[in-house]
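**Student:** Next comes the structure file final31.pdb, holding PDB, C-alpha atoms, pLDDT in the B column.
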```pdb
ATOM      1  CA  MET A   1     -45.288  -6.122   0.782  1.00 57.00           C
ATOM      2  CA  GLY A   2     -43.355  -2.843   0.477  1.00 74.00           C
ATOM      3  CA  ALA A   3     -41.622  -3.404   3.827  1.00 73.00           C
ATOM      4  CA  ILE A   4     -40.428  -6.835   2.685  1.00 66.00           C
ATOM      5  CA  GLN A   5     -39.084  -5.385  -0.567  1.00 73.00           C
ATOM      6  CA  ALA A   6     -37.358  -2.573   1.349  1.00 76.00           C
ATOM      7  CA  LEU A   7     -35.345  -5.276   3.149  1.00 70.00           C
ATOM      8  CA  GLY A   8     -34.158  -6.644  -0.191  1.00 70.00           C
ATOM      9  CA  PHE A   9     -36.590  -9.543  -0.562  1.00 65.00           C
ATOM     10  CA  GLN A  10     -38.538 -10.151  -3.773  1.00 67.00           C
ATOM     11  CA  GLY A  11     -41.441 -11.913  -2.076  1.00 63.00           C
ATOM     12  CA  LEU A  12     -42.468 -14.456   0.497  1.00 68.00           C
ATOM     13  CA  PRO A  13     -41.451 -16.746   2.066  1.00 77.00           C
ATOM     14  CA  ALA A  14     -38.466 -14.962   3.497  1.00 74.00           C
ATOM     15  CA  THR A  15     -36.258 -15.641   6.514  1.00 81.00           C
ATOM     16  CA  LEU A  16     -34.555 -12.910   8.464  1.00 81.00           C
ATOM     17  CA  VAL A  17     -32.421 -13.503  11.573  1.00 82.00           C
ATOM     18  CA  VAL A  18     -32.162 -10.320  13.644  1.00 82.00           C
ATOM     19  CA  ILE A  19     -29.857 -10.046  16.635  1.00 79.00           C
ATOM     20  CA  ASN A  20     -29.900  -6.914  18.791  1.00 83.00           C
ATOM     21  CA  GLY A  21     -31.849  -5.074  16.114  1.00 85.00           C
ATOM     22  CA  GLU A  22     -29.349  -5.898  13.346  1.00 84.00           C
ATOM     23  CA  ALA A  23     -30.060  -8.287  10.460  1.00 80.00           C
ATOM     24  CA  LYS A  24     -27.412 -11.010  10.536  1.00 79.00           C
ATOM     25  CA  PHE A  25     -28.855 -13.394   7.944  1.00 81.00           C
ATOM     26  CA  ARG A  26     -31.338 -13.082   5.057  1.00 80.00           C
ATOM     27  CA  TYR A  27     -32.720 -15.859   2.920  1.00 80.00           C
ATOM     28  CA  SER A  28     -35.382 -15.774   0.215  1.00 77.00           C
ATOM     29  CA  GLY A  29     -37.488 -18.874  -0.258  1.00 76.00           C
ATOM     30  CA  TYR A  30     -38.007 -21.922   1.892  1.00 75.00           C
ATOM     31  CA  ILE A  31     -35.102 -23.196   3.965  1.00 76.00           C
ATOM     32  CA  LYS A  32     -34.963 -26.853   2.968  1.00 79.00           C
ATOM     33  CA  HIS A  33     -33.104 -28.172   5.992  1.00 81.00           C
ATOM     34  CA  SER A  34     -34.302 -30.129   8.990  1.00 87.00           C
ATOM     35  CA  PRO A  35     -35.018 -28.292  12.249  1.00 86.00           C
ATOM     36  CA  GLU A  36     -31.929 -29.940  13.752  1.00 91.00           C
ATOM     37  CA  VAL A  37     -29.630 -28.529  11.071  1.00 88.00           C
ATOM     38  CA  ILE A  38     -31.149 -25.060  11.477  1.00 84.00           C
ATOM     39  CA  GLN A  39     -30.789 -25.268  15.261  1.00 89.00           C
ATOM     40  CA  ASP A  40     -27.114 -26.254  14.916  1.00 90.00           C
ATOM     41  CA  TRP A  41     -26.536 -23.369  12.504  1.00 84.00           C
ATOM     42  CA  LEU A  42     -28.221 -20.860  14.834  1.00 83.00           C
ATOM     43  CA  THR A  43     -26.129 -22.139  17.743  1.00 89.00           C
ATOM     44  CA  CYS A  44     -22.946 -21.603  15.711  1.00 87.00           C
ATOM     45  CA  LEU A  45     -24.135 -18.125  14.709  1.00 80.00           C
ATOM     46  CA  LYS A  46     -24.795 -17.268  18.363  1.00 80.00           C
ATOM     47  CA  GLU A  47     -21.307 -18.406  19.405  1.00 81.00           C
ATOM     48  CA  GLU A  48     -19.718 -16.453  16.556  1.00 76.00           C
ATOM     49  CA  LEU A  49     -21.402 -13.209  17.612  1.00 71.00           C
TER      50      LEU A  49
END
```
Would it be possible to restate this file's structure as C-alpha cells?
**Tutor:**
Amino acid sequence: MGAIQALGFQGLPATLVVINGEAKFRYSGYIKHSPEVIQDWLTCLKEEL
C-alpha cells in the first residue's frame, strides 16, 4: 500500500492513466461512468496529447 500512497492516493480503488511513463490523470474511488463515456474521455485525452 505504500506505493499507492506515494502516488498521492489514500487507498483503493484508484485509477491512474499513464502515457509514456507520465501520469496524466489520477482518480481516487470508483469511476461511476459507463464504459462508453470513459472511452470517449480517453479518446479526447489521446487527441489532446
**Student:** Would you kindly translate the PyMOL selection byres ((chain A and resi 14) around 6) into the concrete residues it picks from this file, as a list in words?
**Tutor:**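 Written out, the selection comes to Leu12, Pro13, Thr15, Tyr27, Ser28 and Gly29 of chain A.
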**Student:** Run through the PyMOL selection byres ((chain A and resi 35-48) around 10) on the given coordinates and return the selected residues as a list in words.
**Tutor:**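 Selection result, ordered by chain and number: Val17, Ile19, Lys24, Phe25, Ile31, Lys32, His33, Ser34 and Leu49 of chain A.
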**Student:** Any chance you could export the current selection's C-alpha atoms as a PDB file, in the frame of the given file?
**Tutor:**
```
ATOM      1  CA  VAL A  17     -32.421 -13.503  11.573  1.00 82.00           C
ATOM      2  CA  ILE A  19     -29.857 -10.046  16.635  1.00 79.00           C
ATOM      3  CA  LYS A  24     -27.412 -11.010  10.536  1.00 79.00           C
ATOM      4  CA  PHE A  25     -28.855 -13.394   7.944  1.00 81.00           C
ATOM      5  CA  ILE A  31     -35.102 -23.196   3.965  1.00 76.00           C
ATOM      6  CA  LYS A  32     -34.963 -26.853   2.968  1.00 79.00           C
ATOM      7  CA  HIS A  33     -33.104 -28.172   5.992  1.00 81.00           C
ATOM      8  CA  SER A  34     -34.302 -30.129   8.990  1.00 87.00           C
ATOM      9  CA  LEU A  49     -21.402 -13.209  17.612  1.00 71.00           C
TER      10      LEU A  49
END
```
**Student:** Box in all listed atoms of range 14-21 of chain A, axis-aligned, with 6 Å more on each side; write out centre and edge lengths in Å to one decimal as AutoDock Vina command-line options.
**Tutor:**
```
--center_x -34.2 --center_y -10.4 --center_z 11.1 --size_x 20.6 --size_y 22.6 --size_z 27.3
```
**Student:** Restricted to C-alpha atoms, what does range 29-40 of chain A look like when written out as a PDB file, in the first residue's frame?
**Tutor:**
```pdb
ATOM      1  CA  GLY A  29     -12.524   5.864  -5.771  1.00  0.00           C
ATOM      2  CA  TYR A  30     -14.732   4.193  -8.324  1.00  0.00           C
ATOM      3  CA  ILE A  31     -15.322   5.942 -11.633  1.00  0.00           C
ATOM      4  CA  LYS A  32     -19.109   5.946 -11.861  1.00  0.00           C
ATOM      5  CA  HIS A  33     -19.428   6.378 -15.610  1.00  0.00           C
ATOM      6  CA  SER A  34     -20.324   3.919 -18.330  1.00  0.00           C
ATOM      7  CA  PRO A  35     -17.544   2.314 -20.380  1.00  0.00           C
ATOM      8  CA  GLU A  36     -18.671   4.391 -23.369  1.00  0.00           C
ATOM      9  CA  VAL A  37     -18.207   7.676 -21.510  1.00  0.00           C
ATOM     10  CA  ILE A  38     -14.768   6.592 -20.283  1.00  0.00           C
ATOM     11  CA  GLN A  39     -13.776   5.513 -23.796  1.00  0.00           C
ATOM     12  CA  ASP A  40     -14.866   8.894 -25.205  1.00  0.00           C
TER      13      ASP A  40
END
```
